[in-house]
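Let me begin by presenting the structure, written as structure tokens, before commenting on it.
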Amino acid sequence: MQLSKEEFIKKVSPYFPAEAIDFVYHSFSKENYNLKISPPRKTKHGCFIRYQKDRPQISVNCDLCSYEFLFVFLHELAHYQVYNKRYGLFIKPKPHGPEWQKEFKELLTEVVQTIALPEDIKTAWKKYLTHITSTRAKEELDGCFAAYRPNSENECFLKLLKPGEEFAFMGNINRFERFARTRVLCLNMSNKKKYLISGIAKVETLR
């Protein structure tokens, strides 16, 4: 069953950059695929699966920073686009062949041109676009994403915690209350006031 825009935003807003939500919803609403938020996987960040009796599925790992999450989503969406266009009855495109590269470049270009991404992310994506199969370009892109990832084992993105869990942030102990789109309503345990904190804020877990 297709989700309403409100339901879709509630489900995915903790994971995508806020500025990309409308773009992602437009794709989801006009195409015929399911989007799954997956637990962390060591061997892959995302996956595109074709089913014989159900809609195709795009899955992306929940533990990625929001810009990497968007990038992986676009990578898998390009696989869906290749599958959806079929490219003729007697053509079987390679997983990362010219058909996929064409679709991925078009998606990345559209995002870079229409969405207000941070300048370092935008610059890295533009460079990657000119060397889409280059290992070095991918490594540089990973280095850019690293700036938005947690730095230690005790750190994680706030969006990965669950309601009721406590965490340290900017010298204060807080409790996760509930999601509020891309942010999280949190209770400061010292002054008992509630604050909205970005879901991609790096916090220290108290587990």
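Here, A, B, ... name the chains of the structure tokens in the order displayed, residue numbers run from 1 inside each chain, and ligands are numbered from 1 in the same displayed order.
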Quiz item: Which residues, written as JSON, numbers by chain, have at least one atom at most 6 Å from Ile200 in chain A, with only C-alpha atoms counted and residues fewer than 2 positions away on the same chain left out?
Solution: {"A": [157, 158, 198]}
Self-check item: Test item, strand (DSSP E or B) assignment across chain A, answer as an MDAnalysis selection string
Solution: chainID A and resid 34:38 46:49 57:61 155:157 166:169 172:180 183:188 194:198 202:205
Store the residues picked out above in a file with C-alpha atoms, as a PDB file, in the first residue's frame.
```pdb
ATOM      1  CA  ASN A  34       9.296  -0.141  -1.758  1.00  0.00           C
ATOM      2  CA  LEU A  35      11.832   1.683   0.402  1.00  0.00           C
ATOM      3  CA  LYS A  36      13.231  -0.210   3.397  1.00  0.00           C
ATOM      4  CA  ILE A  37      15.377   1.221   6.198  1.00  0.00           C
ATOM      5  CA  SER A  38      17.707  -1.690   7.015  1.00  0.00           C
ATOM      6  CA  GLY A  46      22.312  -0.513   0.241  1.00  0.00           C
ATOM      7  CA  CYS A  47      20.623  -2.989  -2.063  1.00  0.00           C
ATOM      8  CA  PHE A  48      18.150  -3.177  -4.929  1.00  0.00           C
ATOM      9  CA  ILE A  49      16.071  -6.369  -5.149  1.00  0.00           C
ATOM     10  CA  GLN A  57      12.697  -2.941  -3.134  1.00  0.00           C
ATOM     11  CA  ILE A  58      15.390  -0.397  -2.371  1.00  0.00           C
ATOM     12  CA  SER A  59      17.026  -0.792   1.044  1.00  0.00           C
ATOM     13  CA  VAL A  60      19.533   1.524   2.732  1.00  0.00           C
ATOM     14  CA  ASN A  61      21.376   1.001   6.023  1.00  0.00           C
ATOM     15  CA  GLU A 155      29.219   8.032  19.611  1.00  0.00           C
ATOM     16  CA  CYS A 156      26.266   7.566  17.319  1.00  0.00           C
ATOM     17  CA  PHE A 157      23.697   9.647  15.503  1.00  0.00           C
ATOM     18  CA  GLU A 166      19.535   8.753  27.624  1.00  0.00           C
ATOM     19  CA  PHE A 167      22.595  10.311  26.027  1.00  0.00           C
ATOM     20  CA  ALA A 168      25.216  13.021  26.528  1.00  0.00           C
ATOM     21  CA  PHE A 169      25.212  16.049  24.225  1.00  0.00           C
ATOM     22  CA  ASN A 172      24.246  17.686  29.247  1.00  0.00           C
ATOM     23  CA  ILE A 173      22.446  14.406  29.881  1.00  0.00           C
ATOM     24  CA  ASN A 174      19.271  14.178  27.805  1.00  0.00           C
ATOM     25  CA  ARG A 175      16.501  11.671  27.209  1.00  0.00           C
ATOM     26  CA  PHE A 176      15.119  10.827  23.777  1.00  0.00           C
ATOM     27  CA  GLU A 177      11.391  11.645  23.748  1.00  0.00           C
ATOM     28  CA  ARG A 178      10.142  11.358  20.162  1.00  0.00           C
ATOM     29  CA  PHE A 179      10.915  12.201  16.549  1.00  0.00           C
ATOM     30  CA  ALA A 180       9.816  15.567  15.164  1.00  0.00           C
ATOM     31  CA  ARG A 183      14.805  16.498  14.625  1.00  0.00           C
ATOM     32  CA  VAL A 184      14.258  14.797  17.974  1.00  0.00           C
ATOM     33  CA  LEU A 185      12.395  16.180  20.953  1.00  0.00           C
ATOM     34  CA  CYS A 186      14.644  15.610  23.961  1.00  0.00           C
ATOM     35  CA  LEU A 187      14.324  16.177  27.705  1.00  0.00           C
ATOM     36  CA  ASN A 188      17.267  17.793  29.466  1.00  0.00           C
ATOM     37  CA  LYS A 194      12.561  19.983  26.336  1.00  0.00           C
ATOM     38  CA  TYR A 195      14.625  20.845  23.274  1.00  0.00           C
ATOM     39  CA  LEU A 196      14.673  19.915  19.584  1.00  0.00           C
ATOM     40  CA  ILE A 197      17.995  18.434  18.450  1.00  0.00           C
ATOM     41  CA  SER A 198      18.941  17.412  14.909  1.00  0.00           C
ATOM     42  CA  LYS A 202      26.566  13.094  17.124  1.00  0.00           C
ATOM     43  CA  VAL A 203      25.791  12.081  20.717  1.00  0.00           C
ATOM     44  CA  GLU A 204      27.501   9.932  23.330  1.00  0.00           C
ATOM     45  CA  THR A 205      25.536   6.874  24.347  1.00  0.00           C
TER      46      THR A 205
END
```
Practice problem: Can you list, as a PyMOL selection string, all residues belonging to range 40-140 of chain A that DSSP tags as alpha helix (DSSP H)? | Solution: chain A and resi 66-85+98-114+119-130+135-140
Please produce, as JSON lines, a per-residue contact table for range 67-163 of chain A versus range 11-18 of chain A (criterion: any atom at most 12 Å away, only C-alpha atoms considered), showing the nearest atom pair and its distance in Å to one decimal, sorted by chain then residue number.
```
{"residue": "A:Tyr67", "atom": "CA", "partner": "A:Pro17", "partner_atom": "CA", "distance": 6.3}
{"residue": "A:Glu68", "atom": "CA", "partner": "A:Phe16", "partner_atom": "CA", "distance": 8.8}
{"residue": "A:Phe69", "atom": "CA", "partner": "A:Phe16", "partner_atom": "CA", "distance": 6.3}
{"residue": "A:Leu70", "atom": "CA", "partner": "A:Phe16", "partner_atom": "CA", "distance": 5.9}
{"residue": "A:Phe71", "atom": "CA", "partner": "A:Phe16", "partner_atom": "CA", "distance": 9.6}
{"residue": "A:Val72", "atom": "CA", "partner": "A:Phe16", "partner_atom": "CA", "distance": 10.7}
{"residue": "A:Phe73", "atom": "CA", "partner": "A:Phe16", "partner_atom": "CA", "distance": 9.3}
{"residue": "A:Leu74", "atom": "CA", "partner": "A:Phe16", "partner_atom": "CA", "distance": 11.4}
{"residue": "A:Val111", "atom": "CA", "partner": "A:Pro17", "partner_atom": "CA", "distance": 11.7}
{"residue": "A:Ile115", "atom": "CA", "partner": "A:Pro17", "partner_atom": "CA", "distance": 9.9}
{"residue": "A:Ala116", "atom": "CA", "partner": "A:Pro17", "partner_atom": "CA", "distance": 9.9}
{"residue": "A:Leu117", "atom": "CA", "partner": "A:Pro17", "partner_atom": "CA", "distance": 8.5}
{"residue": "A:Pro118", "atom": "CA", "partner": "A:Pro17", "partner_atom": "CA", "distance": 10.4}
{"residue": "A:Ile121", "atom": "CA", "partner": "A:Pro17", "partner_atom": "CA", "distance": 11.8}
{"residue": "A:Tyr148", "atom": "CA", "partner": "A:Pro17", "partner_atom": "CA", "distance": 11.8}
{"residue": "A:Phe157", "atom": "CA", "partner": "A:Pro14", "partner_atom": "CA", "distance": 9.9}
{"residue": "A:Leu158", "atom": "CA", "partner": "A:Pro14", "partner_atom": "CA", "distance": 9.1}
{"residue": "A:Lys159", "atom": "CA", "partner": "A:Pro14", "partner_atom": "CA", "distance": 5.9}
{"residue": "A:Leu160", "atom": "CA", "partner": "A:Pro14", "partner_atom": "CA", "distance": 8.7}
{"residue": "A:Leu161", "atom": "CA", "partner": "A:Pro14", "partner_atom": "CA", "distance": 11.0}
```
Quiz prompt | Atomic distance CA of Lys193 in chain A - CA of Lys10 in chain A, expressed in Å with one decimal | solution =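 Here the two named atoms are 23.9 Å from each other.
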